[in-house]
$ cat protein09.txt   # compact mmCIF, C-alpha atoms
# COMPACT_ATOMS: atom_id res chain seq x y z
CA TYR A 1 -4.27 6.69 13.10
CA HIS A 2 -1.85 8.87 11.16
CA LEU A 3 0.49 7.81 8.36
CA LYS A 4 4.16 8.67 8.90
CA TYR A 5 7.33 8.14 6.84
CA LEU A 6 10.68 7.64 8.56
CA LYS A 7 14.14 7.68 7.00
CA TYR A 8 17.39 6.56 8.61
CA ASN A 9 20.52 8.42 7.46
CA GLY A 10 23.04 6.17 9.16
CA SER A 11 22.90 7.78 12.56
CA SER A 12 19.42 9.19 13.15
CA TRP A 13 15.82 9.08 11.95
CA THR A 14 13.80 11.84 10.32
CA THR A 15 10.01 11.72 10.37
CA THR A 16 7.49 13.11 7.88
CA THR A 17 3.75 13.01 8.40
CA ILE A 18 2.09 11.84 5.20
CA GLU A 19 -1.54 11.78 6.32
CA GLU A 20 -3.21 13.42 9.34
CA CYS A 21 -6.44 11.60 10.13
CA ALA A 22 -8.92 13.69 12.06
CA SER A 23 -11.69 11.11 12.32
CA GLY A 24 -10.65 8.07 10.29
CA PHE A 25 -7.44 6.13 10.09
CA ALA A 26 -4.74 5.30 7.55
CA TYR A 27 -3.50 1.73 7.70
CA GLN A 28 -2.16 -1.23 5.68
CA ALA A 29 0.59 0.98 4.25
CA ARG A 30 3.11 -0.40 1.71
CA ILE A 31 6.25 1.29 0.43
CA ALA A 32 8.34 0.68 -2.71
CA LEU A 33 11.25 2.42 -4.42
CA ASP A 34 11.42 3.38 -8.09
CA SER A 35 14.56 2.96 -10.22
CA THR A 36 16.07 6.17 -8.84
CA GLY A 37 15.42 5.30 -5.20
CA LYS A 38 12.42 7.59 -4.74
CA PRO A 39 9.75 6.07 -2.49
CA GLY A 40 6.07 5.69 -3.22
CA ILE A 41 3.47 4.65 -0.63
CA ALA A 42 0.06 3.02 -1.08
CA TRP A 43 -2.35 2.76 1.84
CA ALA A 44 -5.97 2.20 2.79
CA TYR A 45 -8.01 4.86 4.54
CA ARG A 46 -11.20 4.21 6.47
CA ASP A 47 -13.55 7.06 7.33
CA GLY A 48 -14.21 7.13 11.07
CA ASN A 49 -17.58 8.80 10.49
CA ALA A 50 -18.60 6.14 7.97
CA PRO A 51 -16.95 2.87 9.09
CA ASN A 52 -17.92 1.00 5.94
CA SER A 53 -16.34 3.61 3.66
CA GLN A 54 -12.79 2.78 2.62
CA TYR A 55 -10.44 4.25 0.01
CA LEU A 56 -7.05 3.41 -1.47
CA TYR A 57 -4.48 6.21 -1.84
CA TYR A 58 -1.01 6.62 -3.35
CA ILE A 59 1.68 9.26 -2.80
CA LYS A 60 5.16 9.72 -4.29
CA PHE A 61 8.35 11.56 -3.32
CA ASP A 62 9.86 13.60 -6.19
CA GLY A 63 13.35 13.90 -4.73
CA ALA A 64 12.68 17.14 -2.88
CA ALA A 65 9.16 16.88 -1.47
CA TRP A 66 6.14 14.62 -1.25
CA GLY A 67 3.44 15.16 -3.85
CA THR A 68 -0.28 15.32 -3.23
CA LYS A 69 -1.99 12.03 -2.47
CA VAL A 70 -3.90 10.43 -5.35
CA GLU A 71 -7.05 8.36 -4.98
CA VAL A 72 -6.39 4.97 -6.58
CA SER A 73 -9.71 3.37 -5.75
CA GLY A 74 -12.88 4.70 -4.21
CA ASP A 75 -15.53 3.32 -1.94
CA ALA A 76 -17.20 1.28 -4.70
CA ASP A 77 -14.19 -1.06 -4.86
CA MET A 78 -13.17 -0.75 -1.21
CA SER A 79 -16.46 -1.18 0.62
CA THR A 80 -15.06 -3.78 3.05
CA PRO A 81 -11.60 -4.23 4.59
CA SER A 82 -9.32 -5.52 1.86
CA GLY A 83 -6.11 -6.35 3.73
CA ASN A 84 -2.63 -5.31 2.69
CA PRO A 85 -2.34 -3.80 -0.77
CA ALA A 86 0.81 -4.56 -2.79
CA LEU A 87 2.87 -1.84 -4.51
CA ALA A 88 5.65 -2.06 -7.10
CA PHE A 89 7.14 -0.11 -10.01
CA TYR A 90 7.55 -1.31 -13.58
CA LYS A 91 11.10 -1.50 -14.93
CA THR A 92 10.87 -1.47 -18.77
CA ALA A 93 9.67 0.96 -21.43
CA PRO A 94 6.74 -1.12 -22.80
CA ASN A 95 5.01 -0.94 -19.41
CA GLY A 96 6.44 2.48 -18.51
CA VAL A 97 9.62 2.84 -16.49
CA ASP A 98 8.71 3.76 -12.89
CA TYR A 99 4.97 3.48 -13.52
CA ALA A 100 3.48 2.51 -10.16
CA THR A 101 1.07 -0.40 -9.96
CA VAL A 102 -1.05 -1.30 -6.94
CA PHE A 103 -2.76 -4.62 -6.28
CA THR A 104 -5.70 -4.96 -3.91
CA CYS A 105 -8.30 -7.49 -2.87
CA ASN A 106 -11.52 -6.07 -4.26
CA GLY A 107 -13.80 -5.10 -1.40
CA THR A 108 -16.91 -6.51 -3.05
CA VAL A 109 -15.85 -9.84 -4.53
CA ALA A 110 -12.59 -10.18 -2.52
CA SER A 111 -10.47 -11.30 -5.48
CA PRO A 112 -7.13 -9.71 -6.55
CA GLU A 113 -7.15 -6.81 -8.99
CA GLN A 114 -4.54 -4.43 -10.44
CA HIS A 115 -4.52 -0.62 -10.57
CA LYS A 116 -1.84 0.71 -12.93
CA ALA A 117 -0.64 4.30 -13.10
CA THR A 118 -0.85 5.95 -16.51
CA SER A 119 2.45 7.84 -16.07
CA ALA A 120 5.56 8.04 -13.89
CA ASP A 121 4.47 11.44 -12.58
CA THR A 122 4.54 12.20 -8.88
CA GLU A 123 0.76 12.54 -8.96
CA PRO A 124 -0.36 10.09 -11.67
CA THR A 125 -3.86 9.01 -12.56
CA PHE A 126 -4.63 5.30 -12.29
CA SER A 127 -6.46 3.25 -14.87
CA ALA A 128 -9.63 1.34 -14.04
CA PRO A 129 -8.84 -1.85 -12.11
CA SER A 130 -8.29 -5.06 -14.04
CA THR A 131 -8.99 -8.51 -12.62
CA VAL A 132 -5.99 -10.71 -11.87
CA GLY A 133 -7.68 -13.81 -10.47
CA ASN A 134 -10.91 -15.20 -9.09
CA GLN A 135 -9.86 -16.54 -5.68
CA ASP A 136 -10.84 -14.85 -2.42
CA CYS A 137 -7.98 -12.99 -0.77
CA SER A 138 -7.18 -10.95 2.32
CA SER A 139 -3.64 -9.70 1.77
CA LEU A 140 -1.25 -9.39 -1.18
CA ASP A 141 2.43 -9.01 -1.90
CA VAL A 142 4.20 -8.66 -5.25
CA PHE A 143 7.57 -8.65 -6.98
CA ILE A 144 8.24 -7.23 -10.45
CA SER A 145 11.47 -8.41 -12.10
CA GLU A 146 13.87 -6.39 -14.24
CA THR A 147 12.02 -7.68 -17.32
CA ASP A 148 8.59 -6.86 -15.85
CA THR A 149 7.49 -10.40 -15.11
CA ILE A 150 5.25 -10.34 -12.04
CA MET A 151 4.77 -12.76 -9.17
CA LEU A 152 1.73 -11.88 -7.04
CA VAL A 153 0.80 -13.88 -3.93
CA SER A 154 -2.46 -13.73 -1.96
CA SER A 155 -3.51 -15.02 1.45
CA PRO A 156 -6.94 -16.54 2.24
CA ARG A 157 -9.60 -14.20 3.52
CA SER A 158 -11.02 -15.86 6.64
CA GLY A 159 -12.12 -19.08 8.29
CA SER A 160 -10.49 -22.49 8.41
CA GLY A 161 -8.97 -24.66 5.69
CA GLY A 162 -8.19 -21.74 3.37
CA THR A 163 -5.75 -21.62 0.46
CA ALA A 164 -3.10 -19.07 -0.49
CA TYR A 165 -2.43 -18.55 -4.21
CA ALA A 166 0.26 -17.28 -6.55
CA TYR A 167 -0.39 -15.54 -9.90
CA TYR A 168 2.35 -15.16 -12.50
CA HIS A 169 2.49 -12.62 -15.33
CA ASP A 170 5.04 -13.46 -18.05
CA GLY A 171 5.15 -9.91 -19.38
CA SER A 172 2.15 -10.25 -21.65
CA SER A 173 -0.60 -12.00 -19.66
CA TRP A 174 -1.47 -13.68 -16.37
CA ASP A 175 -1.00 -17.44 -16.35
CA THR A 176 -4.37 -18.44 -14.90
CA GLY A 177 -7.27 -16.72 -13.20
CA SER A 178 -7.54 -19.58 -10.73
CA GLY A 179 -3.95 -19.13 -9.54
CA THR A 180 -1.56 -21.78 -8.24
CA SER A 181 -2.07 -22.97 -4.66
CA ILE A 182 1.03 -22.43 -2.50
CA PHE A 183 -0.38 -22.94 1.02
CA THR A 184 -3.35 -25.18 1.84
CA SER A 185 -5.46 -25.95 4.93
CA VAL A 186 -4.62 -22.53 6.36
CA ASP A 187 -6.66 -21.26 9.30
CA VAL A 188 -7.31 -17.54 9.65
CA VAL A 189 -8.57 -16.63 13.09
CA ASN A 190 -7.54 -12.99 12.85
CA GLU A 191 -5.99 -11.15 9.92
CA SER A 192 -4.02 -13.02 7.28
CA PHE A 193 -0.77 -11.58 5.87
CA ILE A 194 1.57 -12.93 3.21
CA PHE A 195 5.04 -11.73 2.15
CA ILE A 196 7.38 -12.42 -0.77
CA ASP A 197 11.06 -11.81 -1.56
CA ASP A 198 13.03 -12.54 -4.72
CA ASP A 199 16.44 -14.14 -5.15
CA ASN A 200 18.37 -11.31 -6.82
CA ASN A 201 16.18 -11.25 -9.94
CA ARG A 202 16.87 -14.90 -10.79
CA ASN A 203 13.13 -15.66 -10.92
CA ASN A 204 13.32 -17.54 -7.62
CA TYR A 205 10.77 -16.43 -5.03
CA HIS A 206 10.36 -17.08 -1.31
CA VAL A 207 6.96 -16.70 0.39
CA VAL A 208 5.86 -16.84 4.05
CA MET A 209 2.62 -16.53 5.99
CA ILE A 210 1.06 -17.59 9.31
CA ASP A 211 -1.30 -20.53 9.78
CA ASP A 212 -3.20 -18.91 12.62
CA GLU A 213 -4.84 -21.84 14.38
CA GLY A 214 -5.69 -19.80 17.44
CA VAL A 215 -3.68 -21.94 19.87
CA THR A 216 -0.71 -23.52 18.09
CA ASP A 217 0.32 -21.30 15.18
CA LYS A 218 2.63 -22.20 12.31
CA VAL A 219 5.06 -20.17 10.24
CA LEU A 220 4.67 -21.45 6.66
CA TYR A 221 7.18 -21.19 3.80
CA ASN A 222 7.26 -22.05 0.10
CA THR A 223 9.76 -21.30 -2.66
CA PHE A 224 9.49 -20.98 -6.45
CA SER A 225 12.49 -22.18 -8.46
CA GLY A 226 12.97 -23.69 -11.89
CA GLY A 227 9.44 -22.79 -12.92
CA SER A 228 7.54 -24.52 -10.09
CA TRP A 229 6.76 -24.30 -6.38
CA SER A 230 8.70 -26.69 -4.13
CA GLY A 231 5.94 -27.33 -1.59
CA GLN A 232 4.64 -26.05 1.72
CA GLU A 233 6.99 -26.24 4.73
CA THR A 234 6.55 -25.46 8.42
CA VAL A 235 9.40 -23.24 9.60
CA ASP A 236 8.37 -23.06 13.25
CA SER A 237 5.27 -23.60 15.37
CA GLY A 238 4.06 -22.77 18.85
CA VAL A 239 1.54 -20.91 20.96
CA ASP A 240 1.10 -17.33 19.69
CA ILE A 241 3.88 -17.60 17.10
CA GLY A 242 4.01 -14.87 14.47
CA LYS A 243 1.17 -12.68 15.62
CA ALA A 244 0.44 -9.97 13.06
CA GLN A 245 3.30 -9.35 10.63
CA ILE A 246 6.16 -11.66 9.68
CA ASP A 247 8.69 -11.26 6.88
CA VAL A 248 11.06 -13.21 4.64
CA VAL A 249 14.34 -11.94 3.21
CA VAL A 250 16.96 -13.70 1.08
CA ASP A 251 20.70 -13.44 1.59
CA ASN A 252 21.40 -13.23 -2.14
CA TYR A 253 25.14 -13.84 -1.77
CA ASN A 254 24.70 -17.19 0.03
CA ASP A 255 21.24 -17.94 -1.42
CA ILE A 256 19.76 -18.53 2.04
CA PRO A 257 16.26 -17.40 3.14
CA TYR A 258 15.62 -15.89 6.57
CA VAL A 259 12.17 -15.68 8.16
CA PHE A 260 11.47 -13.21 10.99
CA TYR A 261 8.57 -13.40 13.45
CA PHE A 262 7.54 -12.69 17.04
CA ASP A 263 7.19 -15.51 19.56
CA ASN A 264 4.66 -13.91 21.86
CA ALA A 265 4.52 -16.78 24.35
CA ASN A 266 8.30 -16.59 24.91
CA ASN A 267 8.53 -12.78 24.64
CA ALA A 268 11.06 -12.83 21.82
CA LEU A 269 11.68 -11.66 18.27
CA GLU A 270 13.03 -14.70 16.45
CA TYR A 271 14.28 -15.83 13.07
CA SER A 272 14.84 -19.07 11.17
CA TYR A 273 17.13 -19.64 8.21
CA LYS A 274 17.39 -22.57 5.82
CA ALA A 275 20.85 -23.92 4.92
CA GLY A 276 21.63 -27.39 3.64
CA GLY A 277 17.93 -28.18 3.51
CA VAL A 278 17.50 -27.65 7.27
CA TRP A 279 15.78 -24.84 9.17
CA THR A 280 17.74 -23.43 12.12
CA ASN A 281 16.20 -21.09 14.68
CA GLY A 282 17.79 -18.10 16.40
CA THR A 283 16.83 -15.08 18.52
CA VAL A 284 17.02 -11.46 17.50
CA HIS A 285 15.81 -10.01 20.82
CA ASN A 286 14.52 -11.77 23.90
CA GLY A 287 13.20 -10.54 27.23
CA LEU A 288 10.48 -8.47 25.58
CA SER A 289 7.10 -7.88 27.21
CA LEU A 290 4.73 -9.11 24.53
CA SER A 291 1.07 -9.94 24.84
CA THR A 292 -1.22 -11.89 22.55
CA ASN A 293 -2.19 -8.75 20.64
CA TYR A 294 -1.89 -8.52 16.88
CA TYR A 295 -0.01 -5.24 16.72
CA ASP A 296 3.57 -6.54 16.70
CA ASN A 297 5.29 -6.07 13.36
CA VAL A 298 8.62 -7.02 11.82
CA ALA A 299 10.23 -6.23 8.47
CA ALA A 300 13.68 -6.96 7.08
CA ASP A 301 15.83 -6.52 4.00
CA TYR A 302 19.22 -7.65 2.72
CA ASP A 303 21.88 -4.97 2.28
CA PRO A 304 24.13 -6.31 -0.52
CA GLY A 305 26.65 -3.50 -0.24
CA ASN A 306 27.48 -4.46 3.33
CA THR A 307 26.41 -8.16 3.19
CA LYS A 308 24.13 -7.83 6.19
CA ILE A 309 20.45 -8.13 7.02
CA VAL A 310 18.73 -5.18 8.64
CA VAL A 311 15.61 -5.79 10.72
CA LEU A 312 12.99 -3.45 12.15
CA GLY A 313 10.66 -4.66 14.88
CA SER A 314 7.85 -2.74 16.53
CA PHE A 315 5.86 -4.05 19.47
CA MET A 316 3.32 -2.61 21.85
CA THR A 317 4.71 -1.83 25.29
CA SER A 318 1.58 -0.30 26.83
CA ALA A 319 -1.17 1.13 24.65
CA PRO A 320 -0.81 3.37 22.79
CA ALA A 321 3.02 3.28 23.03
CA PHE A 322 5.22 1.18 20.75
CA ASP A 323 8.92 0.48 20.80
CA LEU A 324 10.56 0.49 17.37
CA ASN A 325 13.94 -1.27 17.27
CA LYS A 326 16.54 -1.58 14.52
CA TYR A 327 18.91 -4.56 14.41
CA GLU A 328 21.70 -5.78 12.12
CA LEU A 329 22.87 -9.31 11.40
CA THR A 330 26.35 -9.35 9.91
CA ASP A 331 27.53 -12.89 10.70
CA LEU A 332 25.42 -14.50 7.99
CA ALA A 333 25.18 -18.26 7.61
CA THR A 334 26.52 -20.20 4.63
CA GLU A 335 25.58 -23.64 3.34
CA SER A 336 28.58 -25.16 5.13
CA GLN A 337 28.42 -23.15 8.34
CA GLY A 338 26.85 -24.78 11.37
CA GLY A 339 25.37 -23.19 14.45
CA VAL A 340 23.14 -20.19 14.82
CA PRO A 341 24.50 -16.72 13.93
CA GLU A 342 23.33 -14.17 16.48
CA PHE A 343 22.50 -10.56 15.77
CA SER A 344 25.70 -8.65 16.27
CA THR A 345 24.28 -5.21 16.96
CA PHE A 346 21.32 -3.69 18.71
CA ILE A 347 21.26 -0.40 16.84
CA TYR A 348 18.39 1.82 17.74
CA THR A 349 15.30 2.11 19.91
CA MET A 350 12.51 4.60 19.50
CA THR A 351 9.24 4.92 21.37
CA ALA A 352 6.31 5.96 19.22
CA LEU A 353 2.75 6.77 20.17
CA MET A 354 0.85 4.71 17.66
CA LEU A 355 -2.10 2.42 18.25
CA PHE A 356 -1.38 0.34 15.18
CA GLY A 357 2.15 -0.01 13.84
CA MET A 358 2.90 -1.11 10.29
CA VAL A 359 6.52 -1.14 9.16
CA TYR A 360 8.07 -2.04 5.85
CA TRP A 361 11.81 -1.87 5.32
CA LYS A 362 13.89 -1.14 2.25
CA SER A 363 17.67 -1.21 2.60
CA GLU A 364 18.42 1.57 0.12
CA GLY A 365 18.94 4.33 2.66
CA GLY A 366 16.64 2.87 5.30
CA ARG A 367 12.99 3.72 4.94
CA LEU A 368 9.77 2.66 6.59
CA VAL A 369 6.20 3.72 6.97
CA GLY A 370 4.11 3.61 10.14
CA ALA A 371 0.36 3.87 10.23

$ encode --input "protein09.txt" --output "structure tokens"
Amino acid sequence: YHLKYLKYNGSSWTTTTIEECASGFAYQARIALDSTGKPGIAWAYRDGNAPNSQYLYYIKFDGAAWGTKVEVSGDADMSTPSGNPALAFYKTAPNGVDYATVFTCNGTVASPEQHKATSADTEPTFSAPSTVGNQDCSSLDVFISETDTIMLVSSPRSGSGGTAYAYYHDGSSWDTGSGTSIFTSVDVVNESFIFIDDDNNRNNYHVVMIDDEGVTDKVLYNTFSGGSWSGQETVDSGVDIGKAQIDVVVDNYNDIPYVFYFDNANNALEYSYKAGGVWTNGTVHNGLSLSTNYYDNVAADYDPGNTKIVVLGSFMTSAPAFDLNKYELTDLATESQGGVPEFSTFIYTMTALMLFGMVYWKSEGGRLVGA
């Protein structure tokens, strides 16, 4: 599997190959933008000739070209699959403006740890990892505020009855190594992914993940506001709901969260939004030909300049081909508006030859990575 970077300029996509994999594969890629809009990417690489050897890499765009990839963590810390890493950039001088920081689930003890760059250079060195918490994890996501407070969330590693945790850094230290439970009694039949979005830097956070029960799956949601978590909610449930990736995005203007996921049994890409304390479901794209595979991926972001939500969805049509679609939702809900706003535009379709598609969207210019 190769790692590719795609950018949308308003009318067309450009593609850059970041990593050519002759024998192994690059996967679990995450992208983030620094304060000037330059993207950085962190990803895991597994050696095809040594299946138990895994590494974590980082690469940065300097405004004109991509730098050389940097090894963040070697095989000693990545000896087993560690799920999605999380990538973000610091915002303030004490921590280093635009210093990248990558969070992973340690491959040996499976607990979250932090790798911080020692400079804002395109090819920085990374300090030795520091432990964030002591709970097992499979996947991570993170948000760093304008004052460099950090909210890190982690999904359970495997099995039934697991717990997802949140870890908060107030700018000087992590609150507790044990974390705060945000989802409980979660079943992980396959891989476990978790995603977070903020509410326009107001220290409100929205988190989603899948309770993968194998037959009837649940889309789970929790929100952090006023210094505490509100409690676990079920957004939607059904057979083969939310296979692989899901995402959450907040309409900051109306303060309404949207959750996006595939409904494999009904061959549709769907969404739910919460207004007036009630979840309402809608359809982004139906009539798809989905299977029960775990390769369907969705990512979304809010575009404040145009008050719309942009969504990317990739799904396997016939191996190894994927369709990658771009959608826009402009008729956004408000607290007083009833009904279900439908996606107003079907923007773009592209067929890609990838066996495993990972997309992550950022609205500033339109960027994603595929691995």

$ closest_residue --input "protein09.txt" --among "A:Asp136, A:Asp236, A:Asp121, A:Asp34" --to "A:Asn106" --atoms "all atoms listed in the file"
A:Asp136

$ atom_distance --input "protein09.txt" --atom1 "atom CA of A:Thr125" --atom2 "atom CA of A:Asp175"
26.9 Å

$ residues_around --input "protein09.txt" --residues "stretch 195-212 of chain A" --least-positions-apart "4" --cutoff "7 Å" --atoms "all atoms listed in the file" --output "VMD selection string"
chain A and resid 141 to 142 145 to 146 186 to 189 217 to 225 242 247 to 250 252

$ closest_residue --input "protein09.txt" --among "A:Ala29, A:Val278, A:Met151, A:Ile182" --to "A:Asn84" --atoms "only C-alpha atoms"
A:Ala29

$ residues_around --input "protein09.txt" --residues "A:Thr149" --least-positions-apart "6" --cutoff "10 Å" --atoms "only C-alpha atoms" --output "PyMOL selection string"
chain A and resi 90-91+143+168-174+203

$ atom_distance --input "protein09.txt" --atom1 "atom CA of A:Pro112" --atom2 "atom CA of A:Gly133"
5.7 Å

$ residues_around --input "protein09.txt" --residues "A:Ala164" --least-positions-apart "6" --cutoff "6 Å" --atoms "all atoms listed in the file" --output "ChimeraX atom specification"
/A:154-156,181-183

$ atom_distance --input "protein09.txt" --atom1 "atom CA of A:Ile150" --atom2 "atom CA of A:Gly74"
24.8 Å

$ closest_residue --input "protein09.txt" --among "A:Gly63, A:Pro39, A:Pro94, A:Pro129" --to "A:Asp148" --atoms "only C-alpha atoms"
A:Pro94

$ closest_residue --input "protein09.txt" --among "A:Gln28, A:Ser119, A:Thr68, A:Ala93" --to "A:Ser139" --atoms "only C-alpha atoms"
A:Gln28

$ residues_around --input "protein09.txt" --residues "A:Thr14" --least-positions-apart "5" --cutoff "10 Å" --atoms "all atoms listed in the file" --output "list in words"
Tyr5, Leu6, Lys7, Tyr8, Asn9 and Arg367 of chain A
